[in-house]
Amino acid sequence: MLTALDLGLIYGLMALGVYLTFRVLDIADLTVDSSFTTGAAIAAVMITAGQNPFLATFCGFLGGCIAGTITGVLHVNAGIHPLLAGILTQIGLYSINLRILGKANVPLLRGVDTTLSGLRANGLLGSWVSILIFSVLLAVVTTCFNWFLSTQIGLGMRATGDNEGMARAQGVGTGTMKVFGLALSNGLVALSGALVAQYQGFADISMGIGLIVAGLASVIIGTALIGSRGVWVTSLFVVLGSIIYRVIIQLALGIEFLEANDMKLISAIIVFLALMLPRFGFLAKIRERRRARTLPPEPDITHTPEERDNDKVVL
C-alpha cells in the first residue's frame, strides 16, 4: 500500500498536467500517452549513458514540452481539431520514443545511479520516508503551478479555456496560450514519466499506453470530491485524486480473480464510476446546494462539470 502512495504522488505530476489541459484549457489532449514515455525514455538513455540523473530528469521534462508544443502548433497553426492533433503527435512519438530507447526496454538497475538510488540502496522506497520526500516535491511543484496560473500569462490561459472568444476580444493571444499550456502540460507528464522510470527501474515503450485514462480518472475523482472551487484548492484535490486512484487500483488487484492484465479494464471502470458518482447520493445533493448558493436564480444555463466532461471525453 505504501508503494501505491508513492506512485500516486509521482503520478500526481501527470494529473496536474492533465488538469491543465482538460479543465483549464478545456482540451482533451491525447499526447499524454506518448509524452509520458518520452520523458521516461530520455531520462533512461541519458542516465545509462552516464549523465547526471537530475539533468536527465530535467531533459525528460523538456522533451515533454517539445511534444506538447508540436500538438499545440498542429492545433493552432494548422487548424487541426485538438483531439486529432493529439492523436497525430501520439502516433509519431511512438516511433521517436523507440528511436530514443534503441530497444523496447531499457533497465536502470544495473549499476547506474538515478535520483532515487539513495532511497533504493537504503531500502526506503515504499516507506513513509519516500512518501514524505515525494510529498514535499509535489507540494513545491503544485505551489509553482498555482503561482503560475495566478500570473498574467496564467490568467490569460484560464480565460482562454473559460471563454476563448471573450479572451481574444480582450487582447489575449489565445493561440499562444494554448500552445504554451499544452507544452507545460506535457512537460509535467514527461517529468512524471522520468521519475516513474527511475522508481520502477526501467523505461519501456509501452509504459504510457492508456495513461490518459489514469489522468482523467485522477482529475475527475479530485473534482468530484471538491466540486467547482478555486484553482489552488482544485489542483490539490486533483493530486489527491491521483493518490486515491492508485490506492483503488492496488486494492482491486488484491482481489483474487483479478490479474495485472486487467488493470486497463479496472481503470476504465474507475473513470466510469467517477463520472457517475456526483450524479448520485449525497455528493449530488451537496453540489446542488452549492450551485444554488453561487448561481443566479435564473436563467440557469450553466453546464455542470460532469456535463462538460461527457462532452469532452469522446475517446
# chains A, B, ... in the order shown; residues from 1 in each chain; ligands from 1

$ residues_around --residues "stretch 155-171 of chain A" --least-positions-apart "3" --cutoff "7 Å" --atoms "only C-alpha atoms" --output "ChimeraX atom specification"
/A:24-26,149-152,174,177

$ write_last_selection --atoms "all heavy atoms" --output "PDB file, in the first residue's frame"
ATOM      1  N   VAL A  24      -8.437  23.495 -17.366  1.00  0.00           N
ATOM      2  CA  VAL A  24      -8.090  24.918 -17.512  1.00  0.00           C
ATOM      3  C   VAL A  24      -8.235  25.354 -18.971  1.00  0.00           C
ATOM      4  O   VAL A  24      -8.864  26.370 -19.266  1.00  0.00           O
ATOM      5  CB  VAL A  24      -6.657  25.174 -17.011  1.00  0.00           C
ATOM      6  CG1 VAL A  24      -6.250  26.622 -17.257  1.00  0.00           C
ATOM      7  CG2 VAL A  24      -6.544  24.851 -15.521  1.00  0.00           C
ATOM      8  N   LEU A  25      -7.658  24.581 -19.904  1.00  0.00           N
ATOM      9  CA  LEU A  25      -7.723  24.947 -21.325  1.00  0.00           C
ATOM     10  C   LEU A  25      -8.924  24.340 -22.032  1.00  0.00           C
ATOM     11  O   LEU A  25      -9.194  24.655 -23.195  1.00  0.00           O
ATOM     12  CB  LEU A  25      -6.445  24.491 -22.040  1.00  0.00           C
ATOM     13  CG  LEU A  25      -5.208  25.377 -21.835  1.00  0.00           C
ATOM     14  CD1 LEU A  25      -4.003  24.744 -22.518  1.00  0.00           C
ATOM     15  CD2 LEU A  25      -5.436  26.782 -22.362  1.00  0.00           C
ATOM     16  N   ASP A  26      -9.646  23.414 -21.360  1.00  0.00           N
ATOM     17  CA  ASP A  26     -10.828  22.780 -21.941  1.00  0.00           C
ATOM     18  C   ASP A  26     -10.487  21.971 -23.192  1.00  0.00           C
ATOM     19  O   ASP A  26     -11.192  22.004 -24.186  1.00  0.00           O
ATOM     20  CB  ASP A  26     -11.887  23.839 -22.277  1.00  0.00           C
ATOM     21  CG  ASP A  26     -13.276  23.222 -22.379  1.00  0.00           C
ATOM     22  OD1 ASP A  26     -13.504  22.168 -21.776  1.00  0.00           O
ATOM     23  OD2 ASP A  26     -14.127  23.807 -23.084  1.00  0.00           O
ATOM     24  N   LEU A 149      -0.459  29.989 -12.549  1.00  0.00           N
ATOM     25  CA  LEU A 149      -1.823  30.262 -13.012  1.00  0.00           C
ATOM     26  C   LEU A 149      -2.372  31.576 -12.456  1.00  0.00           C
ATOM     27  O   LEU A 149      -3.431  32.034 -12.899  1.00  0.00           O
ATOM     28  CB  LEU A 149      -2.749  29.105 -12.628  1.00  0.00           C
ATOM     29  CG  LEU A 149      -2.521  27.807 -13.398  1.00  0.00           C
ATOM     30  CD1 LEU A 149      -3.489  26.723 -12.935  1.00  0.00           C
ATOM     31  CD2 LEU A 149      -2.680  28.015 -14.909  1.00  0.00           C
ATOM     32  N   SER A 150      -1.667  32.155 -11.474  1.00  0.00           N
ATOM     33  CA  SER A 150      -2.086  33.450 -10.935  1.00  0.00           C
ATOM     34  C   SER A 150      -1.379  34.619 -11.619  1.00  0.00           C
ATOM     35  O   SER A 150      -1.709  35.766 -11.350  1.00  0.00           O
ATOM     36  CB  SER A 150      -1.786  33.503  -9.422  1.00  0.00           C
ATOM     37  OG  SER A 150      -2.445  32.464  -8.752  1.00  0.00           O
ATOM     38  N   THR A 151      -0.383  34.310 -12.462  1.00  0.00           N
ATOM     39  CA  THR A 151       0.313  35.371 -13.183  1.00  0.00           C
ATOM     40  C   THR A 151      -0.533  35.847 -14.365  1.00  0.00           C
ATOM     41  O   THR A 151      -1.594  35.265 -14.664  1.00  0.00           O
ATOM     42  CB  THR A 151       1.670  34.867 -13.697  1.00  0.00           C
ATOM     43  OG1 THR A 151       1.449  33.808 -14.636  1.00  0.00           O
ATOM     44  CG2 THR A 151       2.528  34.356 -12.558  1.00  0.00           C
ATOM     45  N   GLN A 152      -0.041  36.858 -15.058  1.00  0.00           N
ATOM     46  CA  GLN A 152      -0.796  37.398 -16.197  1.00  0.00           C
ATOM     47  C   GLN A 152      -0.957  36.348 -17.301  1.00  0.00           C
ATOM     48  O   GLN A 152      -2.018  36.227 -17.898  1.00  0.00           O
ATOM     49  CB  GLN A 152      -0.070  38.630 -16.745  1.00  0.00           C
ATOM     50  CG  GLN A 152      -0.891  39.399 -17.778  1.00  0.00           C
ATOM     51  CD  GLN A 152      -0.262  40.737 -18.127  1.00  0.00           C
ATOM     52  OE1 GLN A 152       0.789  41.080 -17.611  1.00  0.00           O
ATOM     53  NE2 GLN A 152      -0.903  41.500 -18.995  1.00  0.00           N
ATOM     54  N   THR A 174      -4.902  33.880 -27.673  1.00  0.00           N
ATOM     55  CA  THR A 174      -5.429  32.571 -27.275  1.00  0.00           C
ATOM     56  C   THR A 174      -4.624  31.416 -27.891  1.00  0.00           C
ATOM     57  O   THR A 174      -4.455  30.369 -27.261  1.00  0.00           O
ATOM     58  CB  THR A 174      -6.907  32.446 -27.668  1.00  0.00           C
ATOM     59  OG1 THR A 174      -7.042  32.717 -29.074  1.00  0.00           O
ATOM     60  CG2 THR A 174      -7.762  33.447 -26.898  1.00  0.00           C
ATOM     61  N   MET A 177      -1.533  30.978 -25.907  1.00  0.00           N
ATOM     62  CA  MET A 177      -1.881  30.393 -24.608  1.00  0.00           C
ATOM     63  C   MET A 177      -2.078  28.880 -24.733  1.00  0.00           C
ATOM     64  O   MET A 177      -1.653  28.109 -23.878  1.00  0.00           O
ATOM     65  CB  MET A 177      -3.159  31.046 -24.068  1.00  0.00           C
ATOM     66  CG  MET A 177      -3.011  32.497 -23.682  1.00  0.00           C
ATOM     67  SD  MET A 177      -1.869  32.771 -22.318  1.00  0.00           S
ATOM     68  CE  MET A 177      -0.537  33.578 -23.183  1.00  0.00           C
TER      69      MET A 177
END

$ residues_around --residues "A:Ala104" --least-positions-apart "2" --cutoff "9 Å" --atoms "only C-alpha atoms" --output "ChimeraX atom specification"
/A:98,101-102,106,203-206

$ select_by_dssp --residues "stretch 179-243 of chain A" --states "alpha helix (DSSP H)" --output "PyMOL selection string"
chain A and resi 179-200+211-226+231-243

$ atom_distance --atom1 "atom CA of A:Leu132" --atom2 "atom CA of A:Val112"
24.3 Å

$ residues_around --residues "A:Ala44" --least-positions-apart "3" --cutoff "7 Å" --atoms "only C-alpha atoms" --output "PyMOL selection string"
chain A and resi 40-41+47-48+106+108+203

$ write_last_selection --atoms "N, CA, C and O atoms" --output "compact mmCIF listing (two decimals), in the first residue's frame"
# COMPACT_ATOMS: atom_id res chain seq x y z
N ALA A 40 10.31 9.34 -19.88
CA ALA A 40 10.99 8.16 -19.32
C ALA A 40 12.16 7.74 -20.21
O ALA A 40 13.24 7.38 -19.71
N ALA A 41 11.94 7.76 -21.53
CA ALA A 41 12.98 7.30 -22.46
C ALA A 41 14.20 8.22 -22.42
O ALA A 41 15.34 7.74 -22.34
N ILE A 47 20.73 8.58 -18.38
CA ILE A 47 21.28 8.02 -17.14
C ILE A 47 22.19 6.85 -17.45
O ILE A 47 23.29 6.73 -16.90
N THR A 48 21.76 5.96 -18.34
CA THR A 48 22.60 4.80 -18.69
C THR A 48 23.85 5.24 -19.46
O THR A 48 24.85 4.50 -19.50
N VAL A 106 14.64 -0.39 -21.51
CA VAL A 106 15.97 -0.02 -21.02
C VAL A 106 15.97 -0.15 -19.50
O VAL A 106 15.28 0.59 -18.81
N LEU A 108 17.30 0.15 -15.57
CA LEU A 108 18.06 1.17 -14.85
C LEU A 108 18.60 0.65 -13.52
O LEU A 108 19.00 1.43 -12.67
N ALA A 203 12.65 1.76 -18.29
CA ALA A 203 11.79 2.54 -19.19
C ALA A 203 11.35 1.61 -20.31
O ALA A 203 12.19 0.95 -20.93

$ closest_atom_pairs --of "stretch 156-197 of chain A" --to "stretch 56-70 of chain A" --cutoff "8 Å" --atoms "only C-alpha atoms" --output "tab-separated table"
residue	atom	partner	partner_atom	distance
A:Val179	CA	A:Thr69	CA	5.6
A:Phe180	CA	A:Thr69	CA	7.0
A:Leu182	CA	A:Gly68	CA	4.8
A:Ala183	CA	A:Gly68	CA	4.0
A:Leu184	CA	A:Cys65	CA	5.8
A:Ser185	CA	A:Gly68	CA	7.1
A:Asn186	CA	A:Gly64	CA	4.8
A:Gly187	CA	A:Gly64	CA	4.2
A:Leu188	CA	A:Phe61	CA	6.5
A:Val189	CA	A:Gly64	CA	6.9
A:Ala190	CA	A:Gly64	CA	4.9
A:Leu191	CA	A:Phe61	CA	4.7
A:Ala194	CA	A:Thr57	CA	5.7
A:Leu195	CA	A:Thr57	CA	7.2

$ closest_residue --among "A:Leu273, A:Val45, A:Leu7, A:Met207" --to "A:Tyr94" --atoms "only C-alpha atoms"
A:Met207

$ closest_residue --among "A:Lys178, A:Phe237, A:Leu119, A:Asn52" --to "A:Thr71" --atoms "only C-alpha atoms"
A:Lys178

$ residues_around --residues "A:Ala260" --least-positions-apart "5" --cutoff "10 Å" --atoms "only C-alpha atoms" --output "list in words"
Ile249, Gln250, Ala252, Leu253, Gly254 and Ile266 of chain A

$ atom_distance --atom1 "atom CA of A:Ala78" --atom2 "atom CA of A:Gly208"
26.2 Å
